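One file, upload35.cif, is given below (mmCIF, C-alpha atoms).
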data_work
loop_
_atom_site.label_atom_id
_atom_site.label_comp_id
_atom_site.auth_asym_id
_atom_site.auth_seq_id
_atom_site.Cartn_x
_atom_site.Cartn_y
_atom_site.Cartn_z
CA MET A 624 18.49 4.31 -8.35
CA VAL A 625 17.36 1.86 -5.72
CA SER A 626 19.93 1.51 -2.99
CA GLY A 627 20.69 -2.20 -3.07
CA LEU A 628 22.13 -2.25 0.39
CA PHE A 629 22.66 -5.52 2.18
CA ASP A 630 19.71 -6.37 4.38
CA ALA A 631 21.20 -7.05 7.79
CA GLY A 632 17.82 -8.17 9.09
CA MET A 633 17.16 -4.92 10.88
CA MET A 634 13.57 -4.07 11.65
CA PRO A 635 12.09 -1.05 9.88
CA PRO A 636 12.62 2.08 11.95
CA ALA A 637 9.82 2.82 14.37
CA ALA A 638 8.64 6.32 15.19
CA ALA A 639 10.94 8.21 17.52
CA PRO A 640 9.41 8.51 20.98
CA ALA A 641 8.32 11.99 21.98
CA GLY A 642 11.25 14.12 23.07
CA ALA A 643 13.87 11.62 21.85
CA ALA A 644 16.49 12.40 19.21
CA PRO A 645 15.27 11.64 15.67
CA ILE A 646 16.46 8.47 13.98
CA PRO A 647 19.37 9.56 11.75
CA ILE A 648 18.00 8.48 8.40
CA ARG A 649 18.36 10.93 5.56
CA PHE A 650 16.64 11.03 2.25
CA HIS A 651 19.03 11.63 -0.55
CA ARG A 652 18.75 12.57 -4.19
CA LYS A 653 15.34 14.15 -3.85
CA TYR A 654 15.04 15.64 -0.41
CA THR A 655 18.36 16.53 1.15
CA GLU A 656 19.04 17.30 4.79
CA GLU A 657 15.72 15.94 6.00
CA GLU A 658 15.74 13.68 9.02
CA TYR A 659 13.22 10.89 8.79
CA GLN A 660 10.74 10.65 11.64
CA PHE A 661 8.14 8.07 10.71
CA LEU A 662 6.09 6.72 7.85
CA PHE A 663 2.67 5.14 7.66
CA ARG A 664 0.11 3.74 5.24
CA GLN A 665 -3.66 3.74 5.41
CA HIS A 666 -5.39 1.62 8.02
CA TRP A 667 -6.08 -2.01 7.08
CA VAL A 668 -9.82 -1.39 7.29
CA ARG A 669 -9.50 0.24 3.87
CA LEU A 670 -9.12 -3.25 2.42
CA VAL A 671 -12.19 -4.75 4.09
CA PRO A 672 -14.67 -4.04 1.24
CA SER A 673 -12.32 -5.65 -1.29
CA LEU A 674 -11.74 -8.66 0.96
CA ALA A 675 -15.48 -9.05 1.54
CA ARG A 676 -16.10 -8.96 -2.21
CA LEU A 677 -13.32 -11.50 -2.72
CA PHE A 678 -14.81 -13.85 -0.16
CA LEU A 679 -18.35 -13.59 -1.52
CA VAL A 680 -17.42 -14.07 -5.16
CA SER A 681 -15.03 -16.90 -4.29
CA VAL A 682 -17.78 -18.74 -2.42
CA LEU A 683 -20.15 -18.36 -5.38
CA LEU A 684 -17.51 -19.52 -7.86
CA ALA A 685 -16.55 -22.44 -5.64
CA ALA A 686 -20.20 -23.48 -5.55
CA ALA A 687 -20.39 -23.20 -9.34
CA ALA A 688 -17.18 -25.21 -9.73
CA ALA A 689 -18.40 -27.90 -7.33
CA THR A 690 -21.68 -28.18 -9.25
CA LEU A 691 -19.80 -28.46 -12.51
CA LEU A 692 -17.56 -31.21 -11.16
CA LEU A 693 -20.59 -33.02 -9.72
CA PHE A 694 -22.26 -33.15 -13.12
CA ALA A 695 -19.04 -33.62 -15.09
CA ASP A 696 -19.64 -37.27 -15.92
CA THR A 697 -23.35 -37.03 -16.57
CA PRO A 698 -24.84 -36.83 -20.09
CA LEU A 699 -26.50 -33.52 -19.07
CA LEU A 700 -23.43 -31.56 -20.12
CA GLU A 701 -21.66 -31.87 -23.42
CA PRO A 702 -17.86 -31.82 -23.19
CA ALA A 703 -17.57 -28.53 -25.09
CA THR A 704 -20.12 -26.86 -22.79
CA ARG A 705 -18.41 -28.25 -19.70
CA ARG A 706 -15.04 -26.94 -20.86
CA GLY A 707 -16.51 -23.55 -21.71
CA ILE A 708 -18.05 -23.25 -18.25
CA ALA A 709 -14.78 -24.38 -16.63
CA VAL A 710 -12.83 -21.73 -18.53
CA LEU A 711 -15.39 -19.08 -17.57
CA ILE A 712 -15.22 -20.00 -13.88
CA ALA A 713 -11.42 -20.02 -13.99
CA LEU A 714 -11.31 -16.61 -15.71
CA LEU A 715 -13.76 -15.05 -13.25
CA PHE A 716 -11.76 -16.44 -10.33
CA ILE A 717 -8.53 -15.04 -11.77
CA LEU A 718 -10.21 -11.65 -12.30
CA VAL A 719 -11.43 -11.38 -8.72
CA GLN A 720 -7.97 -12.40 -7.43
CA VAL A 721 -6.33 -9.81 -9.67
CA ASP A 722 -8.75 -7.22 -8.25
CA ILE A 723 -7.72 -7.91 -4.64
CA LEU A 724 -4.06 -8.00 -5.61
CA GLU A 725 -4.42 -4.60 -7.26
CA HIS A 726 -6.06 -3.20 -4.11
CA LEU A 727 -3.24 -4.62 -1.98
CA TYR A 728 -0.58 -3.10 -4.23
CA ASN A 729 -2.41 0.26 -4.14
CA HIS A 730 -2.41 -0.02 -0.34
CA PHE A 731 1.37 -0.45 -0.39
CA LEU A 732 1.76 2.51 -2.76
CA TYR A 733 -0.03 5.00 -0.49
CA VAL A 734 2.71 6.15 1.85
CA VAL A 735 2.98 9.21 4.07
CA ILE A 736 6.51 10.05 5.17
CA VAL A 737 7.08 12.59 7.89
CA THR A 738 10.50 14.15 8.30
CA ASP A 739 11.67 16.93 10.59
CA ARG A 740 10.91 19.47 7.85
CA ARG A 741 8.03 18.23 5.73
CA ILE A 742 5.12 15.86 5.36
CA HIS A 743 5.25 13.93 2.09
CA ARG A 744 2.19 12.13 0.83
CA PHE A 745 2.78 9.61 -1.96
CA LYS A 746 -0.57 8.66 -3.40
CA LYS A 747 -0.09 6.23 -6.24
CA THR A 748 -2.12 3.48 -7.83
CA LEU A 749 -1.01 0.87 -10.33
CA PHE A 750 -2.64 2.50 -13.32
CA LEU A 751 -4.34 5.82 -12.84
CA THR A 752 -2.83 7.92 -10.06
CA ASP A 753 0.63 9.21 -9.30
CA ASP A 754 0.46 12.14 -6.89
CA ILE A 755 3.12 13.49 -4.59
CA GLN A 756 2.27 16.28 -2.21
CA SER A 757 4.75 17.83 0.22
CA VAL A 758 4.01 20.43 2.85
CA ASP A 759 6.54 22.25 5.00
CA LEU A 760 5.87 21.70 8.69
CA TRP A 761 6.73 25.20 9.83
CA VAL A 762 4.04 26.81 7.63
CA LEU A 763 1.22 24.61 8.95
CA GLN A 764 -1.52 26.65 10.54
CA ASP A 765 -4.02 24.06 11.74
CA ILE A 766 -3.76 20.32 12.28
CA VAL A 767 -7.21 18.84 12.85
CA LYS A 768 -8.01 15.27 13.81
CA HIS A 769 -11.38 13.75 12.82
CA GLN A 770 -12.60 10.51 14.29
CA ARG A 771 -16.29 9.81 13.80
CA GLY A 772 -18.38 6.74 14.47
CA ILE A 773 -17.91 3.54 16.40
CA VAL A 774 -15.68 1.91 13.82
CA GLN A 775 -13.19 4.77 13.62
CA ASN A 776 -13.05 5.26 17.36
CA GLY A 777 -12.93 1.55 18.06
CA LEU A 778 -10.17 0.81 15.57
CA GLY A 779 -8.24 4.02 16.25
CA PHE A 780 -8.12 5.50 12.77
CA GLY A 781 -9.48 8.69 11.24
CA THR A 782 -8.70 11.71 9.10
CA ILE A 783 -6.03 14.30 9.71
CA GLU A 784 -6.70 17.63 8.06
CA ILE A 785 -3.74 19.93 7.62
CA GLU A 786 -4.15 23.57 6.71
CA ALA A 787 -1.21 25.49 5.31
CA GLN A 788 -1.74 29.03 4.02
CA GLU A 789 -4.60 28.51 1.55
CA THR A 790 -4.26 24.79 1.10
CA ILE A 791 -6.09 22.08 2.98
CA PHE A 792 -4.38 18.73 2.91
CA LYS A 793 -6.38 15.68 4.04
CA ILE A 794 -5.01 12.29 4.92
CA HIS A 795 -7.73 9.66 5.34
CA PHE A 796 -7.62 6.34 7.21
CA VAL A 797 -4.65 7.39 9.35
CA PRO A 798 -3.81 4.48 11.67
CA ASP A 799 -3.03 5.06 15.37
CA ILE A 800 -4.32 8.56 14.82
CA ASP A 801 -3.89 9.87 18.36
CA ARG A 802 -0.16 9.24 18.35
CA LYS A 803 0.27 10.56 14.79
CA TYR A 804 -1.61 13.73 15.67
CA HIS A 805 0.52 14.45 18.71
CA ASP A 806 3.72 13.63 16.84
CA LEU A 807 2.76 16.06 14.07
CA MET A 808 2.00 18.79 16.59
CA ARG A 809 5.36 18.25 18.26
CA LEU A 810 7.24 18.22 14.95
CA ARG A 811 5.49 21.39 13.82
CA GLU A 812 6.65 23.20 16.93
CA GLN A 813 10.20 21.92 16.47
CA ALA A 814 10.17 23.02 12.81
CA ARG A 815 8.91 26.47 13.80
CA ARG A 816 11.65 26.83 16.41
CA LYS A 817 14.27 25.85 13.82
CA ALA A 818 12.79 28.28 11.29
CA ALA A 819 12.79 31.07 13.90
CA ALA A 820 16.40 30.26 14.80
CA ILE A 821 17.53 30.76 11.19
CA GLY A 822 15.43 33.89 10.79
CA GLN A 823 12.57 32.56 8.65
CA LEU A 824 10.04 33.23 11.36
CA PRO A 825 9.88 35.94 14.03
CA ARG A 826 10.87 34.56 17.41
CA GLN A 827 7.93 33.97 19.70
CA ALA A 828 8.15 35.46 23.19
CA MET B 239 -7.34 -29.61 -26.14
CA ASP B 240 -5.53 -31.91 -23.76
CA PRO B 241 -6.43 -31.31 -20.06
CA LEU B 242 -2.75 -30.98 -19.20
CA LEU B 243 -2.36 -28.34 -21.88
CA ALA B 244 -5.41 -26.49 -20.49
CA ALA B 245 -3.90 -26.61 -16.99
CA MET B 246 -0.53 -25.34 -18.29
CA SER B 247 -2.31 -22.52 -20.13
CA GLY B 248 -4.03 -21.59 -16.87
CA ILE B 249 -0.70 -21.48 -15.03
CA LEU B 250 0.91 -19.37 -17.76
CA LEU B 251 -2.02 -16.94 -17.78
CA VAL B 252 -1.86 -16.49 -14.00
CA LEU B 253 1.91 -16.00 -14.01
CA ALA B 254 1.72 -13.54 -16.92
CA ILE B 255 -0.95 -11.40 -15.22
CA GLU B 256 0.72 -11.51 -11.80
CA GLY B 257 4.10 -10.78 -13.36
CA ALA B 258 2.70 -7.74 -15.19
CA LEU B 259 1.08 -6.42 -11.99
CA TRP B 260 4.32 -6.93 -10.11
CA TRP B 261 6.30 -5.08 -12.78
CA LEU B 262 3.86 -2.14 -12.58
CA PHE B 263 4.11 -2.13 -8.80
CA ARG B 264 7.90 -2.10 -8.79
CA ARG B 265 7.98 0.71 -11.38
CA LYS B 266 5.84 2.85 -9.09
CA VAL B 267 7.78 1.91 -5.98
CA LEU B 268 11.11 2.94 -7.49
CA SER B 269 9.93 6.57 -7.59
CA PHE B 270 9.79 6.71 -3.76
CA PRO B 271 12.59 8.72 -2.19
CA SER B 272 15.54 6.57 -1.35
CA PRO B 273 16.68 6.84 2.23
CA GLU B 274 20.36 6.62 3.06
CA LEU B 275 20.48 3.70 5.41
CA SER B 276 23.17 1.44 6.66
CA GLY B 277 22.35 -2.22 6.93
CA MET B 278 18.77 -1.90 5.74
CA SER B 279 17.46 -2.37 2.21
CA PHE B 280 15.10 -0.01 0.44
CA ASP B 281 12.42 -2.70 0.40
CA ARG B 282 12.69 -3.42 4.09
CA PHE B 283 12.58 0.30 4.95
CA TYR B 284 9.23 0.67 3.20
CA ARG B 285 8.13 -2.73 4.51
CA LEU B 286 7.78 -3.95 0.95
CA HIS B 287 9.04 -7.39 1.91
CA PHE B 288 5.45 -8.14 2.89
CA ALA B 289 4.34 -7.23 -0.64
CA HIS B 290 7.06 -9.50 -2.05
CA ALA B 291 5.98 -12.44 0.08
CA LEU B 292 2.35 -11.81 -0.75
CA ALA B 293 2.97 -11.61 -4.51
CA VAL B 294 4.99 -14.82 -4.64
CA SER B 295 2.65 -16.87 -2.47
CA HIS B 296 -0.43 -15.50 -4.22
CA ALA B 297 0.96 -16.41 -7.65
CA ILE B 298 1.85 -19.93 -6.52
CA ILE B 299 -1.48 -20.64 -4.82
CA LEU B 300 -3.57 -19.16 -7.62
CA SER B 301 -1.74 -20.98 -10.41
CA VAL B 302 -1.97 -24.30 -8.52
CA ALA B 303 -5.69 -23.80 -7.80
CA VAL B 304 -6.55 -22.83 -11.38
CA SER B 305 -4.52 -25.64 -12.93
CA LEU B 306 -5.98 -28.31 -10.61
CA PHE B 307 -9.50 -27.09 -11.32
CA LEU B 308 -8.96 -27.15 -15.09
CA LEU B 309 -7.39 -30.61 -14.89
CA SER B 310 -10.39 -31.91 -12.99
CA ALA B 311 -13.10 -30.22 -15.02
CA TRP B 312 -11.71 -30.56 -18.55
#
Give the structure from this file in structure tokens form.
Amino acid sequence: MVSGLFDAGMMPPAAAPAGAAPIPIRFHRKYTEEEYQFLFRQHWVRLVPSLARLFLVSVLLAAAAATLLLFADTPLLEPATRRGIAVLIALLFILVQVDILEHLYNHFLYVVIVTDRRIHRFKKTLFLTDDIQSVDLWVLQDIVKHQRGIVQNGLGFGTIEIEAQETIFKIHFVPDIDRKYHDLMRLREQARRKAAAIGQLPRQA
Amino acid sequence: MDPLLAAMSGILLVLAIEGALWWLFRRKVLSFPSPELSGMSFDRFYRLHFAHALAVSHAIILSVAVSLFLLSAW
């Protein structure tokens, strides 16, 4: 059930600085005893193709609508034809707006939550996808950061590849990737120390 | 059809589609884990208040734009 707590106007919790105590936020009902560290979505550049398509199609439709309005009172167009074209332009405009809205909602539905114990990736779309993948931090073997090309390096996003036992877990379009990478490395070491302390892992010398 | 009726139909169509998308979005969102927070809502924790603002403003602007166009062109 959604916790309908009163919104006291607090800002969403930011990532805990390196070495600081974690923000005491727990997940309940599904994942108990996990301390929240940070969450992120994909970089905004993911939306650029959809926005470019929206802009282009909107310009074309606006031109078509302006032409229609210009010739509205002329005998060149019969009223029924004019109304049909107006409905078509309106429907196409609504469709392209619905497309961008769907992409924006899908952007909001792709969330990666990192706690002191696990990485949770929620990959959902409005219609077709509903994936949840969780990986324990202490079993992670490799954490690899990929940043290729001018755009990725300039905008500071990339792909983080996480290897755990025989599974490779990729998170694309990670924003502020340098910081996320170092935070994940730090949290993995903390998780391993905790696991060693309770006997799940052999203590390292 | 009366131009006003065409414009009203346009508004209703936009609101119906946007409402349906919003309902789908909320249904998906509610399956996120719920953090135990004090003084912060679920929506604000996941920064969904931006999605709320976007959905409402988008629906208003789109329905106004479509209805004005249909009124003018009918």
For this structure, which residues satisfy the selection - the PyMOL selection byres ((chain B) within 8 of (chain A)) - when it is evaluated on the file as given? I want them as a ChimeraX atom specification. /B:252,255-256,259,262-263,266-268,270-280,282-286,289,293,300,304,307-308,310-312
Which residues are near Phe780 (chain A)? Cut-off 7 Å, only C-alpha atoms, ignore same chain within fewer than 2 positions. Put them as a CSV table (one decimal) with C-alpha atoms, keeping the file's coordinate frame.
chain,number,residue,atom,x,y,z
A,666,HIS,CA,-5.4,1.6,8.0
A,770,GLN,CA,-12.6,10.5,14.3
A,775,GLN,CA,-13.2,4.8,13.6
A,776,ASN,CA,-13.0,5.3,17.4
A,778,LEU,CA,-10.2,0.8,15.6
A,796,PHE,CA,-7.6,6.3,7.2
A,797,VAL,CA,-4.6,7.4,9.4
A,798,PRO,CA,-3.8,4.5,11.7
A,799,ASP,CA,-3.0,5.1,15.4
A,800,ILE,CA,-4.3,8.6,14.8
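Note that the spacing between CA of His296 (chain B) and CA of Pro241 (chain B) amounts to 23.2 Å.
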Enter the distance from CA of Leu677 (chain A) to CA of Ile723 (chain A), in Å, rounded to one decimal. 6.9 Å
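What the PyMOL selection byres ((chain A and resi 767) around 10) matches in the given file is Gln764, Asp765, Ile766, Lys768, His769, Thr782, Ile783, Glu784, Ile785, Glu786, Lys793, Tyr804 and Met808 of chain A.
Between CA of Ala297 (chain B) and CA of Leu243 (chain B) the interatomic distance comes to 18.9 Å.
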On this file, the PyMOL selection byres ((chain A and resi 759-762) around 9) gives some set of residues; write that set as a ChimeraX atom specification. /A:738-743,757-758,763-764,786-788,807,810-818,824
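With only C-alpha atoms as the atoms that count, the minimum distance from Met239 (chain B) to the choices B:Leu309, B:Ser269, B:Ser295, B:Phe288 is reached by B:Leu309.
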